[in-house]
Amino acid sequence: MPLDYFDPTFFNGLQFHTQQLCADPEMIAIPRNEKAWFTHSVEERLSDADFTERYGADVFTKYELAQTDEANMPMEVTDS
């Protein structure tokens, strides 16, 4: 599922492994303007990669994704 399928508050409350199973952390796919859904808008014709590149920066800031090490294990986040 694209990351933006999930409400940020809900997704951020999930455990790391559940986050990994549920969403693709590198893809978004849902246009913000609900009135433009299923209207053959320009946004709907973009590839997943182009859509994510165009709108991803704003969306990704709402999600807290755990950082992982080389073994794909969650790393402890510190504020130092």
# chains A, B, ... in the order shown; residues from 1 in each chain; ligands from 1

call {"tool": "select_by_dssp", "arguments": {"residues": "chain A", "states": "helix (DSSP H, G or I)", "output": "ChimeraX atom specification"}}
result
/A:3-5,8-12,16-22,34-36,42-45,48-60

call {"tool": "residues_around", "arguments": {"residues": "Arg32 in chain A", "least_positions_apart": "6", "cutoff": "10 Å", "atoms": "only C-alpha atoms", "output": "list in words"}}
result
Asp4, Glu43, Tyr55 and Val59 of chain A

call {"tool": "residues_around", "arguments": {"residues": "Tyr63 in chain A", "least_positions_apart": "3", "cutoff": "12 Å", "atoms": "only C-alpha atoms", "output": "list in words"}}
result
Leu3, Asp4, Tyr5, Phe6, Asp7, Pro8, Thr9, Phe10, Phe11, Asn12, Gly13, Leu14, Gln19, Ala23, Asp24, Pro25, Glu26, Ile28, Gly56, Ala57, Asp58, Val59, Phe60 and Ala66 of chain A

call {"tool": "atom_distance", "arguments": {"atom1": "CA of Met1 in chain A", "atom2": "CA of Met27 in chain A"}}
result
8.4 Å

call {"tool": "atom_distance", "arguments": {"atom1": "CA of Thr18 in chain A", "atom2": "CA of Ile30 in chain A"}}
result
21.0 Å

call {"tool": "select_by_dssp", "arguments": {"residues": "chain A", "states": "strand (DSSP E or B)", "output": "list in words"}}
result
Pro2, Asp24, Thr68 and Pro74 of chain A

call {"tool": "write_last_selection", "arguments": {"atoms": "N, CA, C and O atoms", "output": "JSON list (two decimals), in the first residue's frame"}}
result
[["chain", "number", "residue", "atom", "x", "y", "z"],
["A", 2, "PRO", "N", 0.44, 2.28, -0.66],
["A", 2, "PRO", "CA", 1.20, 3.53, -0.58],
["A", 2, "PRO", "C", 1.12, 4.09, 0.84],
["A", 2, "PRO", "O", 0.13, 3.90, 1.54],
["A", 24, "ASP", "N", 4.50, 0.84, 1.74],
["A", 24, "ASP", "CA", 5.73, 1.11, 1.01],
["A", 24, "ASP", "C", 6.19, 2.50, 1.43],
["A", 24, "ASP", "O", 5.56, 3.49, 1.06],
["A", 68, "THR", "N", 16.74, 2.16, 9.94],
["A", 68, "THR", "CA", 17.24, 0.80, 10.12],
["A", 68, "THR", "C", 18.74, 0.73, 9.85],
["A", 68, "THR", "O", 19.29, 1.56, 9.13],
["A", 74, "PRO", "N", 15.60, -2.07, 13.39],
["A", 74, "PRO", "CA", 15.37, -0.67, 13.80],
["A", 74, "PRO", "C", 16.48, -0.16, 14.69],
["A", 74, "PRO", "O", 17.00, -0.86, 15.55]]

call {"tool": "atom_distance", "arguments": {"atom1": "CA of Ser47 in chain A", "atom2": "CA of Lys62 in chain A"}}
result
22.2 Å

call {"tool": "closest_residue", "arguments": {"among": "A:Ala36, A:Leu65, A:Leu21, A:Ala29", "to": "Thr52 in chain A", "atoms": "only C-alpha atoms"}}
result
A:Ala29

call {"tool": "decode", "arguments": {"residues": "range 57-68 of chain A", "atoms": "N, CA and C atoms", "output": "compact mmCIF listing (two decimals), in the first residue's frame"}}
result
# COMPACT_ATOMS: atom_id res chain seq x y z
N ALA A 57 7.49 15.09 -0.80
CA ALA A 57 8.20 15.84 0.25
C ALA A 57 7.24 16.33 1.32
N ASP A 58 6.10 16.85 0.93
CA ASP A 58 5.11 17.35 1.89
C ASP A 58 4.48 16.21 2.69
N VAL A 59 4.19 15.11 2.02
CA VAL A 59 3.51 13.98 2.67
C VAL A 59 4.45 13.25 3.62
N PHE A 60 5.67 13.00 3.22
CA PHE A 60 6.60 12.21 4.03
C PHE A 60 6.90 12.86 5.38
N THR A 61 6.79 14.18 5.48
CA THR A 61 7.07 14.85 6.76
C THR A 61 6.05 14.49 7.84
N LYS A 62 4.91 13.96 7.46
CA LYS A 62 3.85 13.62 8.42
C LYS A 62 4.04 12.24 9.04
N TYR A 63 4.93 11.45 8.48
CA TYR A 63 5.11 10.06 8.91
C TYR A 63 6.45 9.89 9.60
N GLU A 64 6.44 9.14 10.70
CA GLU A 64 7.66 8.84 11.45
C GLU A 64 8.09 7.43 11.12
N LEU A 65 9.08 7.33 10.27
CA LEU A 65 9.59 6.03 9.85
C LEU A 65 10.85 5.70 10.63
N ALA A 66 10.90 4.52 11.18
CA ALA A 66 12.08 4.10 11.95
C ALA A 66 13.26 3.94 11.00
N GLN A 67 14.41 4.39 11.43
CA GLN A 67 15.64 4.19 10.66
C GLN A 67 16.16 2.79 10.96
N THR A 68 16.74 2.16 9.94
CA THR A 68 17.24 0.80 10.12
C THR A 68 18.74 0.73 9.85
